[in-house]
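Trainee: This is run.pdb, which holds PDB, C-alpha atoms and all ligand atoms:
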ATOM      1  CA  MET A 110     224.483 161.681  84.687
ATOM      2  CA  ASP A 111     228.080 160.531  84.823
ATOM      3  CA  GLY A 112     229.818 163.462  83.243
ATOM      4  CA  GLU A 113     230.516 166.955  84.494
ATOM      5  CA  VAL A 114     231.778 169.869  82.418
ATOM      6  CA  THR A 115     233.032 173.192  83.727
ATOM      7  CA  PHE A 116     233.367 176.067  81.286
ATOM      8  CA  TRP A 117     235.918 178.822  81.896
ATOM      9  CA  PRO A 118     236.104 181.808  82.220
ATOM     10  CA  ALA A 119     232.374 181.706  83.039
ATOM     11  CA  GLY A 120     232.967 179.118  85.786
ATOM     12  CA  LYS A 121     229.694 177.362  84.945
ATOM     13  CA  THR A 122     229.405 173.623  85.627
ATOM     14  CA  VAL A 123     226.823 171.272  84.145
ATOM     15  CA  LYS A 124     226.192 167.562  84.682
ATOM     16  CA  VAL A 125     225.659 165.579  81.471
ATOM     17  CA  ARG A 126     225.496 162.005  80.223
ATOM     18  CA  ARG A 127     228.619 160.342  78.850
ATOM     19  CA  GLY A 128     228.802 160.863  75.105
ATOM     20  CA  THR A 129     227.331 164.366  75.211
ATOM     21  CA  THR A 130     229.281 166.746  73.008
ATOM     22  CA  LEU A 131     230.958 169.733  74.625
ATOM     23  CA  LEU A 132     228.825 171.953  72.389
ATOM     24  CA  ASP A 133     225.601 170.432  73.739
ATOM     25  CA  ALA A 134     226.950 170.693  77.285
ATOM     26  CA  ALA A 135     227.749 174.374  76.676
ATOM     27  CA  ARG A 136     224.223 174.986  75.467
ATOM     28  CA  ARG A 137     222.837 173.318  78.597
ATOM     29  CA  ALA A 138     225.106 175.503  80.729
ATOM     30  CA  ASN A 139     224.029 178.585  78.755
ATOM     31  CA  VAL A 140     227.620 179.211  77.664
ATOM     32  CA  PRO A 141     227.790 180.657  74.135
ATOM     33  CA  ILE A 142     230.120 178.917  71.654
ATOM     34  CA  ARG A 143     230.116 180.244  68.106
ATOM     35  CA  THR A 144     229.227 177.855  65.291
ATOM     36  CA  ARG A 145     228.377 178.183  61.648
ATOM     37  CA  CYS A 146     228.134 174.613  60.339
ATOM     38  CA  GLY A 147     225.641 173.335  62.887
ATOM     39  CA  GLY A 148     228.031 170.814  64.426
ATOM     40  CA  LYS A 149     229.296 169.085  61.278
ATOM     41  CA  ALA A 150     232.998 169.682  61.928
ATOM     42  CA  ALA A 151     233.155 172.003  58.934
ATOM     43  CA  CYS A 152     233.443 175.583  60.207
ATOM     44  CA  PHE A 153     236.172 175.255  62.879
ATOM     45  CA  MET A 154     234.478 178.050  64.867
ATOM     46  CA  CYS A 155     233.594 175.905  67.885
ATOM     47  CA  LYS A 156     237.247 175.256  68.779
ATOM     48  CA  VAL A 157     237.895 175.230  72.557
ATOM     49  CA  SER A 158     240.868 174.411  74.750
ATOM     50  CA  VAL A 159     240.497 171.447  77.105
ATOM     51  CA  ARG A 160     242.462 171.488  80.343
ATOM     52  CA  PRO A 161     244.888 168.629  81.066
ATOM     53  CA  GLY A 162     243.339 165.715  82.945
ATOM     54  CA  SER A 163     239.941 166.176  81.348
ATOM     55  CA  GLU A 164     238.124 162.953  80.505
ATOM     56  CA  LEU A 165     236.961 162.924  76.885
ATOM     57  CA  ALA A 166     236.272 160.075  74.461
ATOM     58  CA  PRO A 167     239.223 159.435  72.105
ATOM     59  CA  ILE A 168     239.476 161.908  69.260
ATOM     60  CA  ALA A 169     237.945 160.704  65.977
ATOM     61  CA  ASP A 170     239.848 160.797  62.672
ATOM     62  CA  ASN A 171     237.629 163.530  61.260
ATOM     63  CA  GLU A 172     238.243 165.869  64.187
ATOM     64  CA  SER A 173     241.934 164.992  64.317
ATOM     65  CA  ARG A 174     242.346 165.945  60.648
ATOM     66  CA  LYS A 175     240.581 169.259  61.245
ATOM     67  CA  LEU A 176     242.861 170.064  64.170
ATOM     68  CA  SER A 177     246.118 169.025  62.527
ATOM     69  CA  GLY A 178     248.697 171.706  63.130
ATOM     70  CA  LEU A 179     247.262 172.457  66.561
ATOM     71  CA  ASP A 180     248.456 169.196  68.095
ATOM     72  CA  GLY A 181     249.714 169.547  71.631
ATOM     73  CA  ASP A 182     247.646 172.636  72.393
ATOM     74  CA  ASN A 183     244.711 170.664  73.839
ATOM     75  CA  TYR A 184     242.339 172.138  71.256
ATOM     76  CA  ARG A 185     239.164 170.232  70.462
ATOM     77  CA  LEU A 186     236.134 170.922  68.323
ATOM     78  CA  SER A 187     233.321 171.253  70.845
ATOM     79  CA  CYS A 188     230.818 169.825  68.359
ATOM     80  CA  GLN A 189     232.836 166.590  68.066
ATOM     81  CA  ALA A 190     234.490 166.089  71.479
ATOM     82  CA  ARG A 191     232.403 163.810  73.698
ATOM     83  CA  VAL A 192     232.343 163.786  77.475
ATOM     84  CA  ALA A 193     233.666 160.652  79.220
ATOM     85  CA  GLY A 194     233.869 161.994  82.786
ATOM     86  CA  LYS A 195     235.004 165.234  84.379
ATOM     87  CA  VAL A 196     236.043 167.929  81.895
ATOM     88  CA  GLU A 197     237.288 171.499  82.151
ATOM     89  CA  VAL A 198     237.068 173.705  79.087
ATOM     90  CA  ASP A 199     238.439 177.149  78.289
ATOM     91  CA  VAL A 200     236.137 178.911  75.846
ATOM     92  CA  PRO A 201     237.888 181.605  73.791
ATOM     93  CA  LEU A 202     236.436 185.105  73.872
ATOM     94  CA  ASP A 203     234.207 186.074  70.983
ATOM     95  CA  PRO A 204     236.519 188.003  68.569
ATOM     96  CA  LEU A 205     234.386 191.157  68.741
ATOM     97  CA  ARG A 206     234.332 191.117  72.539
ATOM     98  CA  ALA A 207     238.084 190.486  72.592
ATOM     99  CA  ALA A 208     238.665 193.496  70.290
ATOM    100  CA  VAL A 209     236.486 195.722  72.494
ATOM    101  CA  ALA A 210     238.312 194.528  75.634
ATOM    102  CA  ARG A 211     241.704 195.285  74.011
ATOM    103  CA  GLN A 212     240.518 198.769  72.979
ATOM    104  CA  LEU A 213     239.209 199.537  76.480
ATOM    105  CA  ALA A 214     242.476 198.360  78.043
ATOM    106  CA  ARG A 215     244.450 200.550  75.621
ATOM    107  CA  GLN A 216     242.296 203.584  76.440
ATOM    108  CA  ALA A 217     242.710 202.943  80.184
ATOM    109  CA  GLU A 218     246.514 202.818  79.749
ATOM    110  CA  GLU A 219     246.490 206.044  77.738
ATOM    111  CA  SER A 220     244.382 207.868  80.335
ATOM    112  CA  ASP A 221     246.784 206.662  83.082
ATOM    113  CA  ASP A 222     249.690 208.122  81.091
ATOM    114  CA  LEU A 223     248.056 211.589  81.204
ATOM    115  CA  TRP A 224     248.317 211.740  85.001
TER     116      TRP A 224
HETATM  117  S1  LIG A 301     230.307 173.679  64.883
HETATM  118 FE1  LIG A 301     231.394 173.878  63.029
HETATM  119  S2  LIG A 301     233.213 172.770  63.390
HETATM  120 FE2  LIG A 301     232.104 172.539  65.208
END
Let's see the structure in the file written out as structure tokens.
Mentor:
Amino acid sequence: MDGEVTFWPAGKTVKVRRGTTLLDAARRANVPIRTRCGGKAACFMCKVSVRPGSELAPIADNESRKLSGLDGDNYRLSCQARVAGKVEVDVPLDPLRAAVARQLARQAEESDDLW
């Protein structure tokens, strides 16, 4: 094992072989990443943000085309990005969970306003 991936906000770290995709590393770490296309770079649902300094294999043309317009935001498709060393990944919240969290925060603010 010569690669190590840490997934945030879960804070889970897994050791993997070089060349492992971030999606496979996430599965090994038991970190859920949504997919629909089964890792064929077609659904765009597995998009994650990679922290600066992370060691990944160079981006392939196919993935680069998919991510055009998001350049400079450190986004990668987890099904295509391959580990080349130490990597830190921010996994976006599931949209449903994010909506529930926003609603709960709004309700908490409203109940604070009553006092
Ligand atoms: S799993 Fe569909 S684009 Fe990565």
Trainee: Got a sec to check which residues lie within 7 Å of ligand LIG 301 (chain A), using only C-alpha atoms and all ligand atoms, and send them as a PyMOL selection string?
Mentor: chain A and resi 144-156+186-189
Trainee: Check the smallest atom-to-atom distance from each of A:Pro141, A:Gly178, A:Gly120, A:Pro167 to Val198 of chain A using all atoms listed in the file, then report the winner.
Mentor: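 Once distances to Val198 of chain A are computed over all atoms listed in the file, the minimum belongs to A:Gly120.
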Trainee: For Pro201 of chain A, work out the shell of residues within 8 Å, counting all atoms listed in the file and skipping chain neighbours fewer than 2 positions away, then give it as a list of chain:residue names.
Mentor: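 Here the qualifying residues turn out to be A:Val157, A:Ser158, A:Asp199, A:Asp203.
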Trainee: Neighbourhood query: residues within 10 Å of (225.4, 161.8, 86.4), file coordinates, counting all atoms listed in the file; return as number ranges by chain.
Mentor: A: 110-113, 123-127, 194
Trainee: Run the PyMOL selection byres (((chain A and resi 117) around 8) and not hetatm) on the file and write out the hits as a count of residues only.
Mentor: 10
Trainee: Calculated over all atoms listed in the file, which of the candidates A:Thr129, A:Asn139, A:Asn183, A:Ser163 has the smallest distance to Val196 of chain A?
Mentor: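 Of the candidates, the smallest distance to Val196 of chain A is held by A:Ser163.
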Trainee: Kindly indicate which residue among A:Leu202, A:Leu213, A:Ala207, A:Ile168 lies nearest to Ile142 of chain A, using all atoms listed in the file for the distances.
Mentor: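 So, comparing all the options, the nearest one is A:Leu202.
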Trainee: Pick out the closest residue to Asp133 of chain A from this set: A:Ala166, A:Arg185, A:Arg160, A:Val192. Count only C-alpha atoms.
Mentor: A:Val192
Trainee: What does the distance from atom CA of Thr130 of chain A to atom CA of Leu205 of chain A come to in Å, to one decimal?
Mentor: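 According to the coordinates, atom CA of Thr130 of chain A and atom CA of Leu205 of chain A are separated by 25.3 Å.
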Trainee: By how many Å are atom CA of Ser177 of chain A and atom CA of Ala190 of chain A apart?
Mentor: 15.0 Å
